[in-house]
Amino acid sequence: MPKMKTHSSLKGRFKITGTGKVKRYKAFRNHLLSGKSARQKRVLAGNPVMAAGDVRRLKQQLANIK
């Protein structure tokens, strides 16, 4: 049987924590930051944990990421 491969584009977009939760990155935080308010940049800081319903869809594609 062939091995299950990780979806390559998802490798850099998500991280799996030690307890198995999936952390994601927020949009609108990469460039053109000088035009955004300090409050907006503060709100966009940090990497939230994904919702359970979304994690179920990703688990198969993130199978080999530790």
# chains A, B, ... in the order shown; residues from 1 in each chain; ligands from 1
$ select_by_dssp --residues "chain A" --states "alpha helix (DSSP H)" --output "CSV table (one decimal) with C-alpha atoms, in the first residue's frame"
chain,number,residue,atom,x,y,z
A,38,ALA,CA,-2.0,49.7,16.1
A,39,ARG,CA,-5.2,48.2,17.5
A,40,GLN,CA,-5.7,46.1,14.3
A,41,LYS,CA,-2.2,44.8,14.5
A,42,ARG,CA,-2.6,43.9,18.2
A,43,VAL,CA,-5.8,42.0,17.4
A,44,LEU,CA,-4.0,40.1,14.6
A,52,ALA,CA,-13.0,21.5,16.3
A,53,GLY,CA,-15.1,21.3,13.2
A,54,ASP,CA,-12.3,22.5,11.0
A,55,VAL,CA,-9.7,20.3,12.7
A,56,ARG,CA,-11.7,17.2,11.7
A,57,ARG,CA,-11.4,18.2,8.0
A,58,LEU,CA,-7.6,18.8,8.3
$ select_by_dssp --residues "chain A" --states "strand (DSSP E or B)" --output "ChimeraX atom specification"
/A:14-16,22-24,49
$ residues_around --residues "Ala63 in chain A" --least-positions-apart "6" --cutoff "10 Å" --atoms "only C-alpha atoms" --output "ChimeraX atom specification"
/A:4-7
$ residues_around --residues "Ser8 in chain A" --least-positions-apart "5" --cutoff "10 Å" --atoms "only C-alpha atoms" --output "PyMOL selection string"
chain A and resi 13+61-62
$ write_last_selection --atoms "N, CA and C atoms" --output "mmCIF file, in the first residue's frame"
data_model
loop_
_atom_site.group_PDB
_atom_site.id
_atom_site.type_symbol
_atom_site.label_atom_id
_atom_site.label_comp_id
_atom_site.auth_asym_id
_atom_site.auth_seq_id
_atom_site.Cartn_x
_atom_site.Cartn_y
_atom_site.Cartn_z
ATOM 1 N N ARG A 13 1.365 26.298 6.963
ATOM 2 C CA ARG A 13 0.207 27.087 7.376
ATOM 3 C C ARG A 13 -0.329 26.699 8.734
ATOM 4 N N GLN A 61 -5.223 15.321 6.085
ATOM 5 C CA GLN A 61 -4.189 15.947 5.271
ATOM 6 C C GLN A 61 -2.947 16.307 6.087
ATOM 7 N N LEU A 62 -3.110 16.468 7.404
ATOM 8 C CA LEU A 62 -1.991 16.792 8.283
ATOM 9 C C LEU A 62 -1.469 15.551 8.981
#
$ residues_around --residues "Asn30 in chain A" --least-positions-apart "3" --cutoff "12 Å" --atoms "only C-alpha atoms" --output "number ranges by chain"
A: 25-27, 33-34, 36, 41, 44-45
$ write_last_selection --atoms "all heavy atoms" --output "PDB file, in the first residue's frame"
ATOM      1  N   TYR A  25      -2.451  30.509  11.411  1.00  0.00           N
ATOM      2  CA  TYR A  25      -2.001  31.887  11.306  1.00  0.00           C
ATOM      3  C   TYR A  25      -3.167  32.752  10.846  1.00  0.00           C
ATOM      4  O   TYR A  25      -4.062  32.280  10.157  1.00  0.00           O
ATOM      5  CB  TYR A  25      -0.843  31.989  10.317  1.00  0.00           C
ATOM      6  CG  TYR A  25       0.363  31.222  10.755  1.00  0.00           C
ATOM      7  CD1 TYR A  25       0.680  29.997  10.189  1.00  0.00           C
ATOM      8  CD2 TYR A  25       1.186  31.715  11.757  1.00  0.00           C
ATOM      9  CE1 TYR A  25       1.786  29.282  10.601  1.00  0.00           C
ATOM     10  CE2 TYR A  25       2.298  31.012  12.189  1.00  0.00           C
ATOM     11  CZ  TYR A  25       2.589  29.808  11.603  1.00  0.00           C
ATOM     12  OH  TYR A  25       3.680  29.109  12.036  1.00  0.00           O
ATOM     13  N   LYS A  26      -3.136  34.018  11.223  1.00  0.00           N
ATOM     14  CA  LYS A  26      -4.190  34.934  10.828  1.00  0.00           C
ATOM     15  C   LYS A  26      -3.838  35.641   9.520  1.00  0.00           C
ATOM     16  O   LYS A  26      -2.667  35.864   9.217  1.00  0.00           O
ATOM     17  CB  LYS A  26      -4.407  35.985  11.912  1.00  0.00           C
ATOM     18  CG  LYS A  26      -5.003  35.416  13.194  1.00  0.00           C
ATOM     19  CD  LYS A  26      -5.296  36.534  14.153  1.00  0.00           C
ATOM     20  CE  LYS A  26      -5.868  35.996  15.439  1.00  0.00           C
ATOM     21  NZ  LYS A  26      -6.073  37.081  16.405  1.00  0.00           N
ATOM     22  N   ALA A  27      -4.868  36.014   8.782  1.00  0.00           N
ATOM     23  CA  ALA A  27      -4.678  36.760   7.542  1.00  0.00           C
ATOM     24  C   ALA A  27      -4.446  38.240   7.841  1.00  0.00           C
ATOM     25  O   ALA A  27      -4.671  38.701   8.959  1.00  0.00           O
ATOM     26  CB  ALA A  27      -5.907  36.594   6.651  1.00  0.00           C
ATOM     27  N   LEU A  33       1.605  46.925   6.609  1.00  0.00           N
ATOM     28  CA  LEU A  33       1.258  47.114   8.016  1.00  0.00           C
ATOM     29  C   LEU A  33       1.279  48.580   8.420  1.00  0.00           C
ATOM     30  O   LEU A  33       0.668  48.947   9.428  1.00  0.00           O
ATOM     31  CB  LEU A  33       2.217  46.316   8.909  1.00  0.00           C
ATOM     32  CG  LEU A  33       2.136  44.792   8.734  1.00  0.00           C
ATOM     33  CD1 LEU A  33       3.206  44.112   9.545  1.00  0.00           C
ATOM     34  CD2 LEU A  33       0.772  44.294   9.125  1.00  0.00           C
ATOM     35  N   SER A  34       1.964  49.426   7.658  1.00  0.00           N
ATOM     36  CA  SER A  34       2.025  50.839   8.036  1.00  0.00           C
ATOM     37  C   SER A  34       0.662  51.511   7.881  1.00  0.00           C
ATOM     38  O   SER A  34       0.391  52.515   8.528  1.00  0.00           O
ATOM     39  CB  SER A  34       3.054  51.566   7.192  1.00  0.00           C
ATOM     40  OG  SER A  34       2.717  51.481   5.823  1.00  0.00           O
ATOM     41  N   LYS A  36      -2.197  50.069   8.672  1.00  0.00           N
ATOM     42  CA  LYS A  36      -3.144  49.487   9.614  1.00  0.00           C
ATOM     43  C   LYS A  36      -2.939  50.124  10.988  1.00  0.00           C
ATOM     44  O   LYS A  36      -1.837  50.498  11.366  1.00  0.00           O
ATOM     45  CB  LYS A  36      -2.942  47.975   9.693  1.00  0.00           C
ATOM     46  CG  LYS A  36      -3.256  47.284   8.383  1.00  0.00           C
ATOM     47  CD  LYS A  36      -3.063  45.799   8.464  1.00  0.00           C
ATOM     48  CE  LYS A  36      -3.555  45.138   7.202  1.00  0.00           C
ATOM     49  NZ  LYS A  36      -2.501  44.784   6.284  1.00  0.00           N
ATOM     50  N   LYS A  41      -3.348  45.700  14.444  1.00  0.00           N
ATOM     51  CA  LYS A  41      -2.163  44.844  14.480  1.00  0.00           C
ATOM     52  C   LYS A  41      -2.095  44.049  15.781  1.00  0.00           C
ATOM     53  O   LYS A  41      -1.674  42.905  15.787  1.00  0.00           O
ATOM     54  CB  LYS A  41      -0.908  45.683  14.285  1.00  0.00           C
ATOM     55  CG  LYS A  41      -0.781  46.208  12.858  1.00  0.00           C
ATOM     56  CD  LYS A  41       0.501  46.934  12.624  1.00  0.00           C
ATOM     57  CE  LYS A  41       0.352  48.391  12.980  1.00  0.00           C
ATOM     58  NZ  LYS A  41       1.483  49.203  12.494  1.00  0.00           N
ATOM     59  N   LEU A  44      -4.503  41.174  15.524  1.00  0.00           N
ATOM     60  CA  LEU A  44      -4.028  40.137  14.604  1.00  0.00           C
ATOM     61  C   LEU A  44      -2.838  39.357  15.147  1.00  0.00           C
ATOM     62  O   LEU A  44      -2.439  38.353  14.566  1.00  0.00           O
ATOM     63  CB  LEU A  44      -3.645  40.767  13.260  1.00  0.00           C
ATOM     64  CG  LEU A  44      -4.805  41.284  12.424  1.00  0.00           C
ATOM     65  CD1 LEU A  44      -4.285  42.045  11.231  1.00  0.00           C
ATOM     66  CD2 LEU A  44      -5.710  40.162  12.008  1.00  0.00           C
ATOM     67  N   ALA A  45      -2.246  39.825  16.249  1.00  0.00           N
ATOM     68  CA  ALA A  45      -1.086  39.136  16.806  1.00  0.00           C
ATOM     69  C   ALA A  45      -1.514  37.809  17.423  1.00  0.00           C
ATOM     70  O   ALA A  45      -2.642  37.654  17.885  1.00  0.00           O
ATOM     71  CB  ALA A  45      -0.412  40.007  17.853  1.00  0.00           C
TER      72      ALA A  45
END
$ residues_around --residues "Val49 in chain A" --least-positions-apart "4" --cutoff "7 Å" --atoms "only C-alpha atoms" --output "NGL selection string"
:A and (21-24)
$ closest_residue --among "A:Leu10, A:Arg29, A:Pro2, A:Thr19" --to "Gly46 in chain A" --atoms "only C-alpha atoms"
A:Arg29
$ closest_residue --among "A:Lys15, A:Met1, A:Gln60, A:Gly35" --to "Pro48 in chain A" --atoms "only C-alpha atoms"
A:Lys15
